[in-house]
Every structure is written in C-alpha cells, then in structure tokens.
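Participant: I have a structure here, written as structure tokens, and I will follow up with some questions on it.
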Amino acid sequence: MGESRVELLAWLNDLSQLGMTKVEQCGSGAVHCVIMDSIYRDVPLKKVKFNAKHEYEYVANFKVLQAVFDKHKIDNAIPIERLVKCKMQDNLEFLQFMKKYWDQYYPGGEYDALARRAASPSPATSTSIRSSVAKSTSSLAASSSRKASTSSVHTVPATAAPVKRSTPSRLSTGAPVASTAAARRAQQELEEEYQRNLAELTEQTIELKLTVDQVEKEREFYFSKLREIELFVQEQLDGGEFGADAPALAILEHVQGILYKTEDGFEIPDAGEQETVEDEEETF
C-alpha cells in the first residue's frame, strides 16, 4: 500500500526544501525534476521554473522531466495533460510512482537541494543577474562622466559660464537612458505576447488530442458492432442457431439488438428524447 498524502508531503519537503502544502502543487512538475536530480544529479535545473504559475509553464517543466525519463530509459508514461490540471488524485498516483522509483534507485547519502538549485540558476535568476550587472555598469559610466565633467570645470578659466558647461553633459547622458528604457519596454511587450501565444497553442494542442482520443474511441465502438454483425451473418449462412427456416423478423431483431447494444457509461435515450431528436432532424 502506498504512503499517505501526509507522509509523501513530509518526504518531499525534506528532500526538495520547497515547502509544499498540498499534493496538487506537484502539478507544476518542478518537484518531480528535483526527485530525479536527487537520484542522477544530471537534471538541468536551470530550465525548471520553480515559481511557475501558469499551465504552459507546468508543461515546460514536465518536458524537462520527460527528457530525463528518455535519457535513463524509464518506460513509465507521464500523463502531462492530467497532471497539469492539478487534480489531487492524478498527482497522488504519479507521486506514489515517483516515491517507489526513488526508494529503488536513490544512491544514498545527503542531497542538498538548495545548493543544487543555486548551482543551476533559473532563467529568472539569470535575468536578474544580468539586470544588476547592467545597472552597475550604468552607474560606473555615470560616475566616470561626473568625474570627467568635474575635471573639465577645474581646467576652464573662471570667466567661463557654468551653465554652458553643464547643459551638454545633461543632454548627452539623457538620450541613451531614454533609448534604453524604450528598448526594455519593447522587449517586455514582445515577451508577454510570446507567452500568450505559447499558452494558446498549448491549450489548443491539448484540446485537439482529447478530441482525437474521443473520435478513436467512437470509431472502435462502431467498428466492433459491424464486426459482430458480420460474424453473425456468416454464422447463419453456415447454418447457425436460427437455421435456414428461421423467420426474418427474428434475425432482424437480433441484428437490431447488436446495433443498440451499449457499453458501460452509455445510456439509451427515452422515447421523449428520441421524438425530440426526430423533430429536430425533420426541421432541418
């Protein structure tokens, strides 16, 4: 019997240091990447979005996990479409599989999840680092400009007008700052548009897959009926249970029974509903 939710959450938090409170949070996929990294120490955690809040970000995390499964030849399928919905039962079942796999293959010793994540900064962290470096560079440039301006003041004769010396400096430093701010805004707008388009395409892909699955299920259902009728007809031609002298009505009733036979989960509509459907067909 698998561990309870409380036991699994305690194990997850001890291993990953992510402070999870619900099994449903596993739907982001990040914690599963940490579990696999604790076993093999080769998961590219820099690609994992630990602060993911949207479904398309969850899908991206599970793609990282799928690449690890493929690399280490793990045959168990990852039901991404169900897990990213963050439903408790689906995520609990997959988490129980991950715990069983971890118990079997964990190499032992201590695993420092915080150190591993620090060694592989996320894209958001890298961006903030680059931003800090850019700000530091701008500050150094501004400081150098101020020093140069101060030096020039000391070399100019006392009769020179201070307003004429300071005005060009302000104009020369203001233009690049405005240009940089505009470029950042444009880049941010492009990034937001890209993320919106990616989310829409991901949702459309999932919907199309569900539609294809439903169509294939219906196809198999009706094909099985045709196959059953074919076998029945062949059996009667070979002198089956009804025989050559059997009334046509009995044979037709048997065929009708095959046509209207349903599987579990299907219900035959009552007479009122059938009349409504027929009226709508006649109307059109």
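Each chain in the structure tokens gets a letter, A, B, ..., in the order shown, and its residues are numbered from 1; ligands are numbered from 1 in order too.
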Write out as a VMD selection string which residues come within 9 Å of A:Lys87 when counting only C-alpha atoms, dropping same-chain ones fewer than 6 positions away.
Facilitator: chain A and resid 23 to 24 27
Participant: Export, as an mmCIF file, in the first residue's frame, the selected residues with C-alpha atoms.
Facilitator:
data_model
loop_
_atom_site.group_PDB
_atom_site.id
_atom_site.type_symbol
_atom_site.label_atom_id
_atom_site.label_comp_id
_atom_site.auth_asym_id
_atom_site.auth_seq_id
_atom_site.Cartn_x
_atom_site.Cartn_y
_atom_site.Cartn_z
ATOM 1 C CA VAL A 23 -0.226 17.187 -3.351
ATOM 2 C CA GLU A 24 -1.898 19.258 -6.067
ATOM 3 C CA GLY A 27 1.165 19.535 -10.950
#
Participant: Please provide as a ChimeraX atom specification all residues within 12 Å of A:Tyr101, with the sequence filter that same-chain residues fewer than 2 positions apart are discarded (counting only C-alpha atoms).
Facilitator: /A:32,35-36,38-39,69,74-76,94-99,103-107
Participant: If we count only C-alpha atoms and set the cut-off at 9 Å, which residues sit around stretch 225-228 of chain A, ignoring sequence neighbours fewer than 6 positions away in its own chain? Please answer as a ChimeraX atom specification.
Facilitator: /A:258-259,261
Participant: Could you dump the residues just selected with all heavy atoms as a PDB file, in the first residue's frame?
Facilitator:
ATOM      1  N   ILE A 258     -27.863  -5.970 -31.635  1.00  0.00           N
ATOM      2  CA  ILE A 258     -26.429  -5.658 -31.733  1.00  0.00           C
ATOM      3  C   ILE A 258     -26.221  -4.160 -31.953  1.00  0.00           C
ATOM      4  O   ILE A 258     -25.362  -3.536 -31.336  1.00  0.00           O
ATOM      5  CB  ILE A 258     -25.777  -6.461 -32.874  1.00  0.00           C
ATOM      6  CG1 ILE A 258     -25.832  -7.964 -32.571  1.00  0.00           C
ATOM      7  CG2 ILE A 258     -24.330  -6.010 -33.097  1.00  0.00           C
ATOM      8  CD1 ILE A 258     -25.323  -8.833 -33.691  1.00  0.00           C
ATOM      9  N   LEU A 259     -27.052  -3.565 -32.827  1.00  0.00           N
ATOM     10  CA  LEU A 259     -26.904  -2.152 -33.140  1.00  0.00           C
ATOM     11  C   LEU A 259     -27.147  -1.258 -31.934  1.00  0.00           C
ATOM     12  O   LEU A 259     -26.484  -0.238 -31.754  1.00  0.00           O
ATOM     13  CB  LEU A 259     -27.858  -1.752 -34.273  1.00  0.00           C
ATOM     14  CG  LEU A 259     -27.538  -2.317 -35.659  1.00  0.00           C
ATOM     15  CD1 LEU A 259     -28.645  -1.983 -36.627  1.00  0.00           C
ATOM     16  CD2 LEU A 259     -26.206  -1.763 -36.156  1.00  0.00           C
ATOM     17  N   LYS A 261     -26.893  -2.174 -28.734  1.00  0.00           N
ATOM     18  CA  LYS A 261     -26.169  -2.579 -27.536  1.00  0.00           C
ATOM     19  C   LYS A 261     -25.163  -1.493 -27.174  1.00  0.00           C
ATOM     20  O   LYS A 261     -24.491  -0.926 -28.030  1.00  0.00           O
ATOM     21  CB  LYS A 261     -25.439  -3.904 -27.791  1.00  0.00           C
ATOM     22  CG  LYS A 261     -24.690  -4.428 -26.567  1.00  0.00           C
ATOM     23  CD  LYS A 261     -24.198  -5.844 -26.814  1.00  0.00           C
ATOM     24  CE  LYS A 261     -23.260  -5.909 -28.006  1.00  0.00           C
ATOM     25  NZ  LYS A 261     -22.697  -7.258 -28.213  1.00  0.00           N
TER      26      LYS A 261
END
Participant: Could you check how far atom CA of A:Asn61 sits from atom CA of A:Leu83, in Å to one decimal?
Facilitator: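 Computing the Euclidean distance for atom CA of A:Asn61 and atom CA of A:Leu83 yields 11.5 Å.
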Participant: Interatomic distance between atom CA of A:Trp11 and atom CA of A:Val48?
Facilitator: 20.4 Å
